[in-house]
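For reference, input-v5.csv is printed below; it contains CSV, C-alpha atoms.
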```
chain,number,residue,atom,x,y,z
A,9,MET,CA,-117.3,-139.6,-328.3
A,10,ILE,CA,-115.5,-142.1,-326.2
A,11,LEU,CA,-118.4,-144.5,-326.8
A,12,LEU,CA,-117.8,-144.2,-330.5
A,13,PHE,CA,-114.2,-145.2,-330.0
A,14,ILE,CA,-115.1,-148.1,-327.8
A,15,VAL,CA,-117.6,-149.3,-330.5
A,16,SER,CA,-114.8,-149.0,-333.1
A,17,ALA,CA,-112.6,-151.1,-330.9
A,18,LEU,CA,-115.3,-153.8,-330.5
A,19,VAL,CA,-115.7,-153.9,-334.3
A,20,ALA,CA,-111.9,-154.1,-334.8
A,21,GLY,CA,-111.6,-156.8,-332.3
A,22,SER,CA,-114.4,-158.8,-333.9
A,23,VAL,CA,-112.2,-159.1,-337.0
A,24,VAL,CA,-109.6,-161.2,-335.1
A,25,PRO,CA,-111.3,-164.6,-334.7
A,26,VAL,CA,-112.5,-164.3,-338.3
A,27,GLN,CA,-108.9,-163.7,-339.4
A,28,THR,CA,-107.6,-166.5,-337.2
A,29,SER,CA,-110.2,-169.0,-338.6
A,30,ILE,CA,-109.4,-168.0,-342.2
A,31,ASN,CA,-105.6,-168.2,-341.7
A,32,ALA,CA,-105.9,-171.6,-340.0
A,33,GLY,CA,-107.8,-172.8,-343.0
A,34,LEU,CA,-105.2,-171.3,-345.3
A,35,GLY,CA,-102.4,-172.9,-343.3
A,36,ARG,CA,-104.0,-176.3,-343.9
A,37,LYS,CA,-104.3,-175.6,-347.6
A,38,VAL,CA,-100.7,-174.5,-348.2
A,39,GLY,CA,-99.4,-177.0,-345.7
A,40,SER,CA,-97.4,-174.6,-343.6
A,41,PRO,CA,-98.5,-172.1,-340.8
A,42,MET,CA,-95.4,-169.9,-341.6
A,43,MET,CA,-96.5,-169.7,-345.3
A,44,ALA,CA,-100.0,-168.8,-344.2
A,45,SER,CA,-98.7,-165.9,-342.0
A,46,LEU,CA,-96.5,-164.8,-344.9
A,47,ILE,CA,-99.5,-164.7,-347.3
A,48,SER,CA,-101.5,-162.9,-344.7
A,49,PHE,CA,-98.8,-160.2,-344.3
A,50,LEU,CA,-98.2,-159.9,-348.0
A,51,THR,CA,-101.9,-159.4,-348.9
A,52,GLY,CA,-102.1,-156.9,-346.0
A,53,THR,CA,-99.2,-155.0,-347.3
A,54,LEU,CA,-100.8,-154.8,-350.8
A,55,THR,CA,-104.1,-153.7,-349.3
A,56,LEU,CA,-102.3,-150.9,-347.4
A,57,MET,CA,-100.5,-149.7,-350.5
A,58,PHE,CA,-103.8,-149.2,-352.2
A,59,LEU,CA,-105.4,-147.5,-349.2
A,60,ALA,CA,-102.4,-145.2,-348.6
A,61,LEU,CA,-102.4,-144.2,-352.3
A,62,ILE,CA,-106.2,-143.5,-352.2
A,63,VAL,CA,-106.3,-141.7,-348.9
A,64,ASP,CA,-102.9,-140.0,-348.6
A,65,HIS,CA,-101.9,-139.9,-352.3
A,66,ARG,CA,-98.4,-141.0,-351.4
A,67,LEU,CA,-96.6,-144.2,-350.3
A,68,GLY,CA,-93.5,-142.6,-348.8
A,69,PHE,CA,-92.7,-140.1,-346.1
A,70,PRO,CA,-90.1,-137.3,-345.8
A,71,PRO,CA,-86.7,-138.7,-344.9
A,72,SER,CA,-86.4,-136.1,-342.2
A,73,ALA,CA,-89.0,-138.1,-340.3
A,74,LEU,CA,-86.4,-140.9,-339.8
A,75,HIS,CA,-84.5,-138.8,-337.4
A,76,THR,CA,-87.4,-137.9,-335.1
A,77,LEU,CA,-87.6,-141.4,-333.6
A,78,PRO,CA,-85.1,-144.0,-332.3
A,79,TRP,CA,-83.9,-146.3,-335.2
A,80,TRP,CA,-85.5,-149.5,-333.8
A,81,ILE,CA,-89.0,-148.0,-333.8
A,82,TRP,CA,-89.1,-148.2,-337.6
A,83,PHE,CA,-89.0,-152.0,-337.8
A,84,GLY,CA,-90.1,-152.6,-334.2
A,85,GLY,CA,-93.9,-152.7,-335.0
A,86,GLY,CA,-93.6,-155.3,-337.7
A,87,THR,CA,-91.2,-157.4,-335.8
A,88,LEU,CA,-93.3,-157.4,-332.7
A,89,GLY,CA,-96.4,-158.3,-334.7
A,90,VAL,CA,-94.6,-161.3,-336.2
A,91,VAL,CA,-93.4,-162.4,-332.7
A,92,TYR,CA,-96.9,-162.2,-331.3
A,93,LEU,CA,-98.5,-164.0,-334.3
A,94,THR,CA,-95.9,-166.8,-334.5
A,95,SER,CA,-95.8,-167.3,-330.7
A,96,ASN,CA,-99.6,-167.8,-330.7
A,97,LEU,CA,-99.2,-170.2,-333.5
A,98,LEU,CA,-96.5,-172.3,-331.7
A,99,LEU,CA,-98.2,-172.2,-328.3
A,100,LEU,CA,-101.7,-173.2,-329.4
A,101,PRO,CA,-100.9,-176.9,-329.8
A,102,LYS,CA,-98.8,-177.0,-326.6
A,103,LEU,CA,-101.1,-175.1,-324.2
A,104,GLY,CA,-104.5,-175.5,-325.9
A,105,ALA,CA,-106.7,-172.6,-326.9
A,106,ALA,CA,-107.9,-171.6,-323.4
A,107,LEU,CA,-104.5,-171.4,-321.7
A,108,THR,CA,-103.0,-169.7,-324.8
A,109,VAL,CA,-105.6,-166.9,-324.8
A,110,VAL,CA,-105.5,-166.4,-321.1
A,111,SER,CA,-101.7,-166.3,-320.8
A,112,THR,CA,-101.3,-163.9,-323.7
A,113,LEU,CA,-104.1,-161.8,-322.4
A,114,CYS,CA,-102.5,-161.6,-319.0
A,115,GLY,CA,-99.3,-160.4,-320.6
A,116,GLN,CA,-101.3,-157.9,-322.7
A,117,MET,CA,-103.0,-156.4,-319.6
A,118,ILE,CA,-99.8,-156.2,-317.6
A,119,MET,CA,-98.0,-154.3,-320.3
A,120,ALA,CA,-101.1,-152.1,-321.1
A,121,ILE,CA,-101.4,-151.1,-317.4
A,122,CYS,CA,-97.7,-150.3,-317.3
A,123,ILE,CA,-97.9,-148.1,-320.5
A,124,ASP,CA,-100.9,-146.2,-319.0
A,125,GLN,CA,-99.4,-145.9,-315.5
A,126,PHE,CA,-96.0,-144.6,-316.6
A,127,GLY,CA,-97.1,-142.9,-319.9
A,128,TRP,CA,-94.6,-144.8,-322.0
A,129,PHE,CA,-94.4,-144.1,-325.7
A,130,ASN,CA,-96.1,-140.7,-325.2
A,131,VAL,CA,-99.4,-142.3,-324.1
A,132,ALA,CA,-101.4,-140.1,-321.6
A,133,VAL,CA,-100.8,-141.2,-318.0
A,134,GLN,CA,-103.7,-143.0,-316.4
A,135,PRO,CA,-102.8,-144.2,-313.0
A,136,PHE,CA,-103.8,-147.7,-311.9
A,137,SER,CA,-106.6,-147.8,-309.4
A,138,LEU,CA,-108.7,-150.4,-307.5
A,139,PRO,CA,-111.7,-150.1,-309.9
A,140,ARG,CA,-109.3,-150.6,-312.9
A,141,PHE,CA,-107.9,-153.7,-311.1
A,142,ILE,CA,-111.5,-155.1,-310.6
A,143,GLY,CA,-112.2,-154.3,-314.3
A,144,VAL,CA,-109.1,-156.4,-315.3
A,145,VAL,CA,-110.2,-159.2,-313.0
A,146,CYS,CA,-113.7,-159.1,-314.6
A,147,LEU,CA,-112.2,-159.3,-318.1
A,148,LEU,CA,-110.0,-162.3,-317.2
A,149,GLY,CA,-112.9,-164.0,-315.4
A,150,GLY,CA,-115.1,-163.5,-318.5
A,151,VAL,CA,-112.4,-164.9,-320.9
A,152,LEU,CA,-111.9,-167.9,-318.6
A,153,LEU,CA,-115.6,-168.6,-318.5
A,154,MET,CA,-116.0,-168.4,-322.2
A,155,GLN,CA,-113.0,-170.6,-322.9
A,156,LYS,CA,-114.0,-173.3,-320.3
A,157,PHE,CA,-117.5,-173.8,-321.6
B,10,MET,CA,-95.0,-185.3,-314.1
B,11,LYS,CA,-92.8,-182.7,-312.5
B,12,LYS,CA,-91.0,-182.2,-315.8
B,13,SER,CA,-94.2,-181.6,-317.7
B,14,PHE,CA,-95.4,-179.1,-315.1
B,15,LEU,CA,-92.1,-177.2,-315.6
B,16,LEU,CA,-92.6,-177.3,-319.3
B,17,THR,CA,-96.2,-176.0,-319.2
B,18,SER,CA,-95.1,-173.2,-316.8
B,19,LEU,CA,-92.4,-172.3,-319.3
B,20,PHE,CA,-94.9,-172.2,-322.2
B,21,ILE,CA,-97.3,-170.1,-320.1
B,22,LEU,CA,-94.4,-167.6,-319.4
B,23,TRP,CA,-93.8,-167.5,-323.1
B,24,GLY,CA,-97.5,-166.8,-323.7
B,25,ILE,CA,-97.4,-163.9,-321.1
B,26,ALA,CA,-94.2,-162.5,-322.8
B,27,ALA,CA,-95.8,-162.8,-326.2
B,28,GLY,CA,-98.9,-161.0,-324.9
B,29,MET,CA,-96.7,-158.2,-323.5
B,30,VAL,CA,-95.4,-157.6,-327.0
B,31,SER,CA,-98.9,-156.7,-328.4
B,32,PRO,CA,-99.5,-153.3,-326.6
B,33,VAL,CA,-95.9,-152.3,-327.2
B,34,GLN,CA,-96.4,-153.0,-330.9
B,35,THR,CA,-99.5,-150.7,-330.9
B,36,ALA,CA,-97.6,-148.0,-329.0
B,37,VAL,CA,-94.6,-148.3,-331.4
B,38,ASN,CA,-96.9,-148.1,-334.5
B,39,ALA,CA,-98.7,-145.0,-332.9
B,40,GLN,CA,-95.3,-143.3,-332.7
B,41,VAL,CA,-94.5,-144.0,-336.3
B,42,ARG,CA,-98.0,-142.7,-337.2
B,43,THR,CA,-97.1,-139.3,-335.6
B,44,ALA,CA,-93.6,-139.2,-337.4
B,45,VAL,CA,-95.0,-140.0,-340.9
B,46,ASN,CA,-98.2,-138.1,-340.2
B,47,SER,CA,-100.5,-141.0,-341.5
B,48,PRO,CA,-102.0,-144.0,-339.7
B,49,LEU,CA,-102.1,-145.9,-343.1
B,50,ILE,CA,-98.4,-145.4,-343.9
B,51,ALA,CA,-97.6,-146.4,-340.3
B,52,SER,CA,-99.5,-149.7,-340.8
B,53,LEU,CA,-97.9,-150.1,-344.2
B,54,ILE,CA,-94.4,-149.9,-342.6
B,55,SER,CA,-95.4,-152.4,-339.9
B,56,PHE,CA,-96.8,-154.9,-342.5
B,57,LEU,CA,-93.9,-154.4,-344.9
B,58,THR,CA,-91.2,-155.1,-342.2
B,59,GLY,CA,-93.3,-158.1,-341.0
B,60,THR,CA,-93.5,-159.4,-344.5
B,61,VAL,CA,-89.7,-159.2,-345.0
B,62,LEU,CA,-89.2,-161.0,-341.6
B,63,LEU,CA,-91.7,-163.7,-342.5
B,64,VAL,CA,-90.0,-164.3,-345.9
B,65,LEU,CA,-86.7,-165.0,-344.0
B,66,ALA,CA,-88.6,-167.1,-341.4
B,67,THR,CA,-90.4,-169.2,-344.0
B,68,LEU,CA,-87.1,-169.8,-346.0
B,69,ILE,CA,-85.5,-171.0,-342.8
B,70,ALA,CA,-88.4,-173.2,-341.6
B,71,ASP,CA,-89.8,-174.5,-344.9
B,72,HIS,CA,-86.9,-174.1,-347.3
B,73,ARG,CA,-89.3,-172.8,-349.9
B,74,LEU,CA,-91.4,-169.7,-350.7
B,75,ASN,CA,-93.8,-171.1,-353.2
B,76,PHE,CA,-97.0,-173.0,-352.8
B,77,GLY,CA,-99.3,-174.8,-355.3
B,78,LEU,CA,-100.7,-172.0,-357.4
B,79,ARG,CA,-103.6,-174.3,-358.3
B,80,LEU,CA,-104.9,-173.4,-354.9
B,81,ILE,CA,-106.0,-170.0,-356.1
B,82,PRO,CA,-108.8,-170.9,-358.4
B,83,HIS,CA,-109.7,-174.0,-356.3
B,84,SER,CA,-110.3,-172.2,-353.0
B,85,ARG,CA,-113.2,-170.1,-351.7
B,86,TRP,CA,-112.5,-166.4,-352.2
B,87,TRP,CA,-112.5,-165.6,-348.5
B,88,ILE,CA,-109.5,-167.8,-347.8
B,89,TRP,CA,-107.3,-164.8,-349.0
B,90,ILE,CA,-108.8,-162.0,-346.9
B,91,GLY,CA,-106.9,-162.8,-343.7
B,92,GLY,CA,-104.4,-160.1,-344.5
B,93,PRO,CA,-106.9,-157.3,-345.2
B,94,LEU,CA,-108.7,-158.2,-342.0
B,95,GLY,CA,-105.4,-157.8,-340.1
B,96,VAL,CA,-105.0,-154.4,-341.7
B,97,ILE,CA,-108.3,-153.3,-340.1
B,98,PHE,CA,-107.1,-154.6,-336.7
B,99,VAL,CA,-103.6,-153.0,-336.8
B,100,THR,CA,-104.9,-149.6,-338.2
B,101,ALA,CA,-107.8,-149.4,-335.7
B,102,ASN,CA,-105.3,-150.1,-332.8
B,103,ILE,CA,-103.1,-147.2,-334.0
B,104,LEU,CA,-106.1,-144.8,-334.2
B,105,LEU,CA,-107.6,-145.9,-330.9
B,106,LEU,CA,-104.6,-146.0,-328.6
B,107,PRO,CA,-104.2,-142.2,-328.2
B,108,GLU,CA,-108.0,-141.8,-327.7
B,109,LEU,CA,-108.7,-144.7,-325.3
B,110,GLY,CA,-105.3,-145.3,-323.6
B,111,ALA,CA,-103.6,-148.7,-323.7
B,112,ALA,CA,-105.7,-150.6,-321.1
B,113,LEU,CA,-109.1,-149.6,-322.5
B,114,THR,CA,-108.0,-150.3,-326.0
B,115,VAL,CA,-106.9,-153.8,-325.1
B,116,VAL,CA,-110.1,-154.5,-323.1
B,117,SER,CA,-112.5,-153.3,-325.7
B,118,ILE,CA,-110.8,-155.1,-328.5
B,119,VAL,CA,-110.7,-158.3,-326.5
B,120,CYS,CA,-114.4,-157.9,-325.8
B,121,GLY,CA,-115.2,-157.5,-329.6
B,122,GLN,CA,-112.9,-160.5,-330.2
B,123,MET,CA,-114.7,-162.8,-327.8
B,124,ALA,CA,-118.2,-161.7,-329.0
B,125,ALA,CA,-117.2,-162.5,-332.6
B,126,ALA,CA,-115.5,-165.8,-331.5
B,127,LEU,CA,-118.8,-166.7,-329.8
B,128,ALA,CA,-120.7,-166.1,-333.1
B,129,VAL,CA,-118.1,-168.0,-335.2
B,130,ASP,CA,-118.3,-171.0,-332.8
B,131,HIS,CA,-122.1,-170.9,-332.5
B,132,PHE,CA,-122.7,-170.9,-336.3
B,133,GLY,CA,-119.6,-172.9,-337.3
B,134,TRP,CA,-118.5,-170.2,-339.8
B,135,PHE,CA,-115.3,-170.6,-341.9
B,136,GLY,CA,-115.1,-174.4,-341.4
B,137,VAL,CA,-114.8,-174.1,-337.6
B,138,PRO,CA,-116.5,-176.9,-335.6
B,139,ARG,CA,-119.9,-175.8,-334.2
B,140,HIS,CA,-120.0,-174.9,-330.5
B,141,PRO,CA,-123.4,-173.6,-329.4
B,142,VAL,CA,-123.8,-170.6,-327.0
B,143,ASN,CA,-124.6,-171.6,-323.4
B,144,TRP,CA,-125.3,-169.6,-320.3
B,145,GLN,CA,-121.8,-169.8,-319.0
B,146,ARG,CA,-120.5,-168.1,-322.2
B,147,ILE,CA,-123.2,-165.4,-321.9
B,148,ALA,CA,-122.1,-164.8,-318.3
B,149,GLY,CA,-118.5,-164.6,-319.4
B,150,MET,CA,-119.5,-161.9,-322.0
B,151,ALA,CA,-121.4,-159.9,-319.4
B,152,LEU,CA,-118.4,-160.0,-317.0
B,153,MET,CA,-116.2,-158.7,-319.8
B,154,VAL,CA,-118.6,-155.8,-320.6
B,155,ALA,CA,-118.5,-155.0,-316.8
B,156,GLY,CA,-114.7,-154.9,-317.0
B,157,ILE,CA,-114.8,-152.3,-319.9
B,158,VAL,CA,-117.2,-150.1,-317.9
B,159,LEU,CA,-115.1,-150.2,-314.8
B,160,ILE,CA,-111.8,-149.4,-316.7
B,161,GLN,CA,-113.5,-146.6,-318.7
B,162,GLN,CA,-115.0,-144.9,-315.6
B,163,PHE,CA,-111.9,-144.8,-313.5
```
Kindly return the structure encoded in the file as C-alpha cells.
Amino acid sequence: MILLFIVSALVAGSVVPVQTSINAGLGRKVGSPMMASLISFLTGTLTLMFLALIVDHRLGFPPSALHTLPWWIWFGGGTLGVVYLTSNLLLLPKLGAALTVVSTLCGQMIMAICIDQFGWFNVAVQPFSLPRFIGVVCLLGGVLLMQKF
Amino acid sequence: MKKSFLLTSLFILWGIAAGMVSPVQTAVNAQVRTAVNSPLIASLISFLTGTVLLVLATLIADHRLNFGLRLIPHSRWWIWIGGPLGVIFVTANILLLPELGAALTVVSIVCGQMAAALAVDHFGWFGVPRHPVNWQRIAGMALMVAGIVLIQQF
C-alpha cells in the first residue's frame, strides 16, 4: 500500500518541472512572470471547480466548519503557495537554478522533519533518526549531482 | 566581493525560508481537507485565495490585469495547462501527507520532480534547451532513490 502512495508521489512530483517549463514559456509570452502565475492559479481554480462539482456535487462547505479551525488556516494554504512560487521566481535569476533548488529543498526538509518529529498540524509523529538523516543527505547529494552536471 | 557574498547568503536564507513554507502549506491544506471533508474543495480554497492574492500582486507590480488576447489562438494549446498541472500537485500533496508523513512526501515528490526534469532536459520538451543525460545525473538519481528507501524504512 505504501508503495502505491510513493508511486503516486513520484507521479505528482513529475508534474512540477513540466508545469515550470510551461509557466516560464507563458511568462515570456505575456511579458510578466506575475501575470503567468495569475493565469496559472486562475486556470487551476476553474479546473478545481469542475472537479469538485463532478466528484463532490458541491462547491461550498457547511459554515459550521469555519469554527473548527483557526481563522488563518483558511487563507494560509493559498498565501503560502503564492509566497513559495513567487520566491522561486525572484530567486532563480539571483542564485541560479542549482542553488535555488538546493536552498529551497533544504528549507523543505528542515520543516518536514520538524513536522514529523513534533507531530505539528495533526501529522502522525515520526521521530528523527540516524537512518532518516542519512536518507536526507542522500537526497541532497543526489539533487546537487543532478544540478551540477 | 564581501558585499556580494553577504547578498548571496541573504538570498540563500530567503530560499531556505521559502522552502520551509512548502510543507507547512501542505499541512495547512490537509487540515482544511478534514474540516470541509473533501480534498478537492480544500485545493479549491487554496487556489482561490492564491488567485485573489495574485490579482493584488499583479496590479501592484504590473499596473494591469489584461494581456494580449490574440495570444490565445496564436499559442500552442499546452501553454495554458500549467494551472491544471498545479492542481494535480497540490491535491496529491493533500492526499499523501496523512499517509506518508511530511518527510517521505517531500522526498518522494522531489524524486519524481528530478526524474521528470531529467527527461524534460534530455529531450528538450516545451522549448527548454536540450541537456543530455550523463552518468553523474544517473548517479544523482540513484542517490535520491536510496534516500527514499532509507526514510521509508526508519
Go through chain A residue by residue and, counting only C-alpha atoms, keep those with an atom at most 6 Å from chain B; for each kept residue give the shortest atom pair and its distance in Å to one decimal, ordered by chain and increasing number, as JSON lines.
```
{"residue": "A:Ala17", "atom": "CA", "partner": "B:Ile118", "partner_atom": "CA", "distance": 5.0}
{"residue": "A:Leu18", "atom": "CA", "partner": "B:Gly121", "partner_atom": "CA", "distance": 3.8}
{"residue": "A:Val19", "atom": "CA", "partner": "B:Gly121", "partner_atom": "CA", "distance": 5.9}
{"residue": "A:Ala20", "atom": "CA", "partner": "B:Phe98", "partner_atom": "CA", "distance": 5.2}
{"residue": "A:Gly21", "atom": "CA", "partner": "B:Ile118", "partner_atom": "CA", "distance": 4.2}
{"residue": "A:Ser22", "atom": "CA", "partner": "B:Gln122", "partner_atom": "CA", "distance": 4.3}
{"residue": "A:Val24", "atom": "CA", "partner": "B:Gln122", "partner_atom": "CA", "distance": 5.9}
{"residue": "A:Pro25", "atom": "CA", "partner": "B:Ala126", "partner_atom": "CA", "distance": 5.4}
{"residue": "A:Gln27", "atom": "CA", "partner": "B:Gly91", "partner_atom": "CA", "distance": 4.8}
{"residue": "A:Ile30", "atom": "CA", "partner": "B:Ile88", "partner_atom": "CA", "distance": 5.6}
{"residue": "A:Asn31", "atom": "CA", "partner": "B:Gly91", "partner_atom": "CA", "distance": 5.9}
{"residue": "A:Met42", "atom": "CA", "partner": "B:Thr67", "partner_atom": "CA", "distance": 5.6}
{"residue": "A:Leu46", "atom": "CA", "partner": "B:Leu63", "partner_atom": "CA", "distance": 5.5}
{"residue": "A:Ser48", "atom": "CA", "partner": "B:Gly92", "partner_atom": "CA", "distance": 4.0}
{"residue": "A:Phe49", "atom": "CA", "partner": "B:Thr60", "partner_atom": "CA", "distance": 5.4}
{"residue": "A:Leu50", "atom": "CA", "partner": "B:Thr60", "partner_atom": "CA", "distance": 5.9}
{"residue": "A:Thr51", "atom": "CA", "partner": "B:Gly92", "partner_atom": "CA", "distance": 5.1}
{"residue": "A:Gly52", "atom": "CA", "partner": "B:Gly92", "partner_atom": "CA", "distance": 4.2}
{"residue": "A:Thr53", "atom": "CA", "partner": "B:Phe56", "partner_atom": "CA", "distance": 5.4}
{"residue": "A:Leu56", "atom": "CA", "partner": "B:Leu53", "partner_atom": "CA", "distance": 5.5}
{"residue": "A:Ala60", "atom": "CA", "partner": "B:Leu49", "partner_atom": "CA", "distance": 5.6}
{"residue": "A:Phe69", "atom": "CA", "partner": "B:Val45", "partner_atom": "CA", "distance": 5.7}
{"residue": "A:Ala73", "atom": "CA", "partner": "B:Ala44", "partner_atom": "CA", "distance": 5.5}
{"residue": "A:Phe83", "atom": "CA", "partner": "B:Thr58", "partner_atom": "CA", "distance": 5.8}
{"residue": "A:Gly85", "atom": "CA", "partner": "B:Gln34", "partner_atom": "CA", "distance": 4.8}
{"residue": "A:Gly86", "atom": "CA", "partner": "B:Ser55", "partner_atom": "CA", "distance": 4.1}
{"residue": "A:Thr87", "atom": "CA", "partner": "B:Gly59", "partner_atom": "CA", "distance": 5.7}
{"residue": "A:Leu88", "atom": "CA", "partner": "B:Gln34", "partner_atom": "CA", "distance": 5.7}
{"residue": "A:Val90", "atom": "CA", "partner": "B:Gly59", "partner_atom": "CA", "distance": 5.9}
{"residue": "A:Tyr92", "atom": "CA", "partner": "B:Ala27", "partner_atom": "CA", "distance": 5.3}
{"residue": "A:Ser111", "atom": "CA", "partner": "B:Ile25", "partner_atom": "CA", "distance": 4.9}
{"residue": "A:Thr112", "atom": "CA", "partner": "B:Gly28", "partner_atom": "CA", "distance": 4.0}
{"residue": "A:Leu113", "atom": "CA", "partner": "B:Gly28", "partner_atom": "CA", "distance": 5.8}
{"residue": "A:Cys114", "atom": "CA", "partner": "B:Ile25", "partner_atom": "CA", "distance": 6.0}
{"residue": "A:Gly115", "atom": "CA", "partner": "B:Ile25", "partner_atom": "CA", "distance": 4.0}
{"residue": "A:Gln116", "atom": "CA", "partner": "B:Gly28", "partner_atom": "CA", "distance": 4.5}
{"residue": "A:Met119", "atom": "CA", "partner": "B:Met29", "partner_atom": "CA", "distance": 5.2}
{"residue": "A:Ala120", "atom": "CA", "partner": "B:Ala112", "partner_atom": "CA", "distance": 4.8}
{"residue": "A:Ile121", "atom": "CA", "partner": "B:Ala112", "partner_atom": "CA", "distance": 5.7}
{"residue": "A:Asp124", "atom": "CA", "partner": "B:Ala111", "partner_atom": "CA", "distance": 6.0}
{"residue": "A:Pro139", "atom": "CA", "partner": "B:Leu159", "partner_atom": "CA", "distance": 6.0}
{"residue": "A:Arg140", "atom": "CA", "partner": "B:Ile160", "partner_atom": "CA", "distance": 4.7}
{"residue": "A:Gly143", "atom": "CA", "partner": "B:Gly156", "partner_atom": "CA", "distance": 3.7}
{"residue": "A:Cys146", "atom": "CA", "partner": "B:Gly156", "partner_atom": "CA", "distance": 4.9}
{"residue": "A:Leu147", "atom": "CA", "partner": "B:Met153", "partner_atom": "CA", "distance": 4.4}
{"residue": "A:Gly150", "atom": "CA", "partner": "B:Gly149", "partner_atom": "CA", "distance": 3.7}
{"residue": "A:Leu153", "atom": "CA", "partner": "B:Gly149", "partner_atom": "CA", "distance": 5.0}
{"residue": "A:Met154", "atom": "CA", "partner": "B:Arg146", "partner_atom": "CA", "distance": 4.5}
```
If I take CA of Gly35 (chain A) and CA of Ile47 (chain A), how far is one from the other in Å, to one decimal? 9.6 Å
One decimal, in Å: what's the spacing between CA of Val26 (chain A) and CA of Leu12 (chain A)?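 Between these atoms lies a distance of 22.2 Å.
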Mind giving me the straight-line distance from CA of Gln125 (chain A) to CA of Met9 (chain A) in Å, one decimal?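 Rounded to one decimal, the two atoms are 22.9 Å apart.
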Pick from B:Ile103, B:Arg85, B:Arg42, B:Gly133 nearest to Leu77 (chain A), counting only C-alpha atoms: B:Arg42
Within 10 Å of Leu100 (chain A) using only C-alpha atoms, minus same-chain residues under 5 positions, as a list in words: Ser95, Ala105, Ala106, Leu107, Thr108 and Val109 of chain A; Phe20 and Gly24 of chain B
Write out, as a PDB file, in the frame of the given file, the residues just selected, with C-alpha atoms.
```pdb
ATOM      1  CA  SER A  95     -95.800-167.300-330.700  1.00  0.00           C
ATOM      2  CA  ALA A 105    -106.700-172.600-326.900  1.00  0.00           C
ATOM      3  CA  ALA A 106    -107.900-171.600-323.400  1.00  0.00           C
ATOM      4  CA  LEU A 107    -104.500-171.400-321.700  1.00  0.00           C
ATOM      5  CA  THR A 108    -103.000-169.700-324.800  1.00  0.00           C
ATOM      6  CA  VAL A 109    -105.600-166.900-324.800  1.00  0.00           C
TER       7      VAL A 109
ATOM      8  CA  PHE B  20     -94.900-172.200-322.200  1.00  0.00           C
ATOM      9  CA  GLY B  24     -97.500-166.800-323.700  1.00  0.00           C
TER      10      GLY B  24
END
```
